[in-house]
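Enquirer: Take a look at the following structure, please.
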Amino acid sequence: MALAIVVLFFEGCTCCAYLNHMFNAERLDEQAGELRAARLDSIPDSENSLPGSEERLKYDKIIEKGSRVLERFPKNKKRTAEAVFLIGESFRHKHEWNKAITKYDEFERYFADHDSMQAVEYQRAYCLYRNHEFNISRFALEPVIASKDHPYYFQGLNLLSLLDEMSEAPDQAIASLEALLADTAGTPFMRGKAHFRLAGLYFKKENWDKSREHYTAKEIKELNPREQQTAGEQAAECLANRKEYLQAADEYKELYKNPEYESKQPDYLVRIGELTMLGERYPDAIIILQKVNSEYPRTEVASRSYFCLGDYEQHKTIDYDKAVVYYDSSFISRTISKWGQESRERRDALRRLIAMRNQNDKERKDSIPNVDNFFKSEFLIAELFLFKLSEVDSAITRLDNVIKESGDSAKTLRAIYAKAFIYDEFMHDPDAAEEIYKEIIEKYPDTEYAKQAQQNLGMRVTLKTNEDIAKEKYMEAESLWTIAAEMPLDQMDLVDSAYARAFMQFDSLYQQYPETQAGIQALYMKAVYFQMNPERIDSTFKTYKELRDKHGQTPWGKQAAMLMSNRLTLTDKDLERLRKRVKSSEAHVDKLSAQYYESLNKAPEEKKAEVKSQEDEILENTYNSMYDFE
């Protein structure tokens with residue numbers, strides 16, 4: 001009896017310990033849930049938001065309590081199942097996906113018949129998705145979406161669409177969400193989430209009709225205020241993308257009147273002004289934008305508003321002076337905003353444009369106009385229109401003026417190619433660009449522009465410019481020079497004739513193509529040839545002088561100038577001294593050569609072995625005073 005009483009007493013203590021641990025764990029879980037709900041309601045990107053320190057501390061205590069249950073009651077299946085589930089959920093809420101997955105796997109291995117198993121199936125698939133293990137997540141999701149009776153079936157379809165989207169298969173994601181909405185079951189909240197995600201996917205695909213249809217679905221009202229606000233904004237943007245600007249402005253006005261969206265009123269107001277401007281109700285748009293400037297000065301929305309007004313003056317009224325004033329105000333209102341930065345670029349470009357246009361007007365009025373400066377300014381104006389002011393049509397108009405008025409074929413060709421390039425890269429009109437490219441190939445076949453036109457059309461480049469032909473000829477002459485340099489010196493007649501052939505090739509190349517890079521390099525090689533023959537020092541000096549004077553900006557002209565920098569003129573005394581030095585060198589070489597051949601003709605002498613004396617082999621074991629190693 002006594003023994004039985006003792007056993008019952010200790011068993012009751014064990015049960016109390018278990019109840020104490022689990023009671024505390026469940027209470028902490030409820031408290032953490034309240035903190036989590038408040039956090040998710042207040043943070044826009046709730047899915048990626050991390051728990052705060054207080055919430056995290058509660059999860060840590062839940063893990064500690066559950067671990068004690070597992071340690072003390074390892075054989076009690078019911079108690080350990082609840083503990084493992086709470087630990088896995090705590091890791092998931094802490095965004096420790098790997099640890100949560102491990103606990104969920106452990107739960108399925110030992111407690112597959114537990115009531116919480118269906119929740120574990122979905123949550124494990126979700127943790128795998130968040131851990132970027134998309135393929136395994138899809139596999140883990142299969143039992144969840146296999147049957148509509150699964151309590152997490154609709155969440156599973158939503159997760160499947162996310163997996164499809166991550167795998168760069170938006171069509172499959174759309175199909176998954178459409179299948180979810182096609183089923184009449186599911187809570188209104190889940191259907192609202194599906195509509196919201198579907199609308200975003202269609203928006204990315206630029207299917208404005210379908211996107212707007214889902215953004216305006218009735219179930220959107222079931223979502224939280226932040227998501228409803230986003231849906232309203234995106235629905236209006238769908239109308240804007242369909243060019244229904246005034247209707248989009250009306251929907252933004254409804255958002256502007258909603259007191260719950262008071263913080264976004266400045267953005268809505270400036271967007272209403274922009275859409276009204278696009279709807280060509282210019283007076284109303286100017287009033288709205290000026291209201292933004294007066295009510296929200298020196299803000300980003302004011303910078304955006306001034307930018308819109310400057311764009312209107314630039315493109316609609318073509319009043320560049322007034323546009324410069326508006327762009328300057330935009331930059332001052334908010335210097336670091338993207339509107340302020342863009343305004344500064346346009347302001348500076350317009351100032352340059354106005355200055356160059358005034359200069360061109362002055363050139364036209366001059367009795368002797370500077371044609372080169374005029375067309376150079378026209379090209380710069382076209383570039384400003386294209387790259388800084390985003391006015392493609394104005395850039396093409398300027399290029400047409402150059403083509404029409406310029407008598408210089410080089411300027412005309414440059415303008416024609418630039419026009420084709422604009423059609424191809426900026427206006428996305430490949431047919432018009434192809435027509436111009438073919439015209440360049442036909443009329444200017446020996447130019448770099450024609451070669452580039454062939455390349456742009458995807459053709460095999462077959463055209464050759466003068467530079468290409470000259471380069472080929474230079475390679476031929478250089479090969480002759482290399483052959484001459486590699487010939488043995490005991491065949492001097494052949495060496496001289498080989499160098500002479502290379503020289504003739506270089507000379508012919510320079511005569512035919514004097515302005516090409518290869519031609520200038522050939523002239524330099526002529527000077528090198530002359531320099532190899534001391535008796536032709538005058539020709540060397542003359543060739544280097546021609547290189548320096550005519551082609552001083554090229555590498556070979558600069559080299560020639562450097563070689564001549566020490567002595568620009570040669571006197572008769574210098575030449576006489578040089579000739580004497582050459583004769584002396586030749587006499588010395590002849591003398592050495594005679595000695596060499598004389599030594600070759602002598603009979604070789606027998607070499608006697610050198611005998612060292614006994615004394616030489618004795619090494620004295622003494623130290624020098626300078627190297628005392630003691």
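Ligands are numbered from 1 in the order shown, chains are lettered A, B, ... in the order of the structure tokens, and residues start at 1 in each chain.
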Report as a list in words all protein, DNA and RNA residues lying within 8 Å of Thr540 of chain A, evaluated on only C-alpha atoms, omitting residues in the same chain fewer than 4 positions from it.
Expert: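 These residues fall inside the cut-off: Ala527, Val528, Phe530, Gln531, Arg536 and Tyr544 of chain A.
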Enquirer: Would you tabulate, counting only C-alpha atoms, all residues of segment 127-170 of chain A that have an atom at most 10 Å from an atom of segment 190-204 of chain A, showing the closest pair of atoms and their distance in Å to one decimal, sorted by chain then ascending number, as CSV?
Expert:
residue,atom,partner,partner_atom,distance
A:Phe154,CA,A:Met190,CA,7.2
A:Gln155,CA,A:Met190,CA,7.6
A:Leu157,CA,A:Ala194,CA,9.2
A:Asn158,CA,A:Ala194,CA,6.9
A:Ser161,CA,A:Arg197,CA,9.0
A:Leu162,CA,A:Arg197,CA,9.2
A:Glu165,CA,A:Leu201,CA,8.6
A:Pro170,CA,A:Leu201,CA,7.0
Enquirer: Can you tell me how far atom CA of Tyr306 of chain A sits from atom CA of Tyr327 of chain A, in Å to one decimal?
Expert: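 Separating atom CA of Tyr306 of chain A from atom CA of Tyr327 of chain A is a distance of 6.4 Å.
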Enquirer: Please provide the set of residues having any atom within 8 Å of Tyr510 of chain A, restricted to only C-alpha atoms, with same-chain residues fewer than 4 positions apart removed, written as a PyMOL selection string.
Expert: chain A and resi 506+514+519-520+522-523
Enquirer: Rank A:Asp209, A:Glu439, A:Ala249, A:Ile396 by their smallest atom-to-atom distance to Met427 of chain A, using only C-alpha atoms, and report the top residue only.
Expert: A:Ile396
Enquirer: In Å, with one decimal, what is the gap from atom CA of Glu233 of chain A to atom CA of Gln290 of chain A?
Expert: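 About the pair atom CA of Glu233 of chain A and atom CA of Gln290 of chain A: they are 22.6 Å apart.
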Enquirer: For a test of reading the model, state the distance in Å between atom CA of Glu30 of chain A and atom CA of Leu86 of chain A, rounded to one decimal.
Expert: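 Atom CA of Glu30 of chain A sits 11.3 Å away from atom CA of Leu86 of chain A.
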Enquirer: When you count only C-alpha atoms, which of these residues is closest to Ile63 of chain A: A:Phe134, A:Phe91, A:Trp208, A:Tyr513?
Expert: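 The closest residue to Ile63 of chain A is A:Phe91.
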Enquirer: Could you name the residues that touch Phe541 of chain A at 12 Å or less, counting only C-alpha atoms, but leaving out those on the same chain fewer than 4 positions away, as a list in words?
Expert: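 The filter keeps Tyr524, Lys526, Ala527, Val528, Tyr529, Phe530, Gln531, Pro534, Glu535, Arg536, Ile537, Lys545, Glu546, Leu547, Arg548, Ala560, Ala561, Leu563, Met564, Ser565, Arg567, Leu568, Thr569 and Leu570 of chain A.
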Enquirer: Running DSSP on the backbone, which parts of segment 368-600 of chain A land in helix (DSSP H, G or I), as a ChimeraX atom specification?
Expert: /A:371-388,392-405,409-425,430-443,448-456,466-486,492-512,517-532,534-550,555-564,572-600
Enquirer: Name the residues in contact with segment 256-261 of chain A at a cut-off of 8 Å, using only C-alpha atoms, excluding same-chain residues fewer than 5 positions from it; report them as a ChimeraX atom specification.
Expert: /A:229,268-269
Enquirer: Can you write out the residues you just picked, keeping C-alpha atoms, as a tab-separated table (two decimals), in the first residue's frame?
Expert:
chain	number	residue	atom	x	y	z
A	229	GLN	CA	-5.47	51.27	-51.50
A	268	TYR	CA	-2.66	61.71	-55.79
A	269	LEU	CA	-3.01	65.42	-56.52
Enquirer: Show which residues sit within 8 Å of Ala382 of chain A, as a list of chain:residue names. Count only C-alpha atoms, and ignore same-chain residues fewer than 5 positions away.
Expert: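 Here the qualifying residues turn out to be A:Ser394, A:Ala395, A:Ile396, A:Arg398, A:Leu399.
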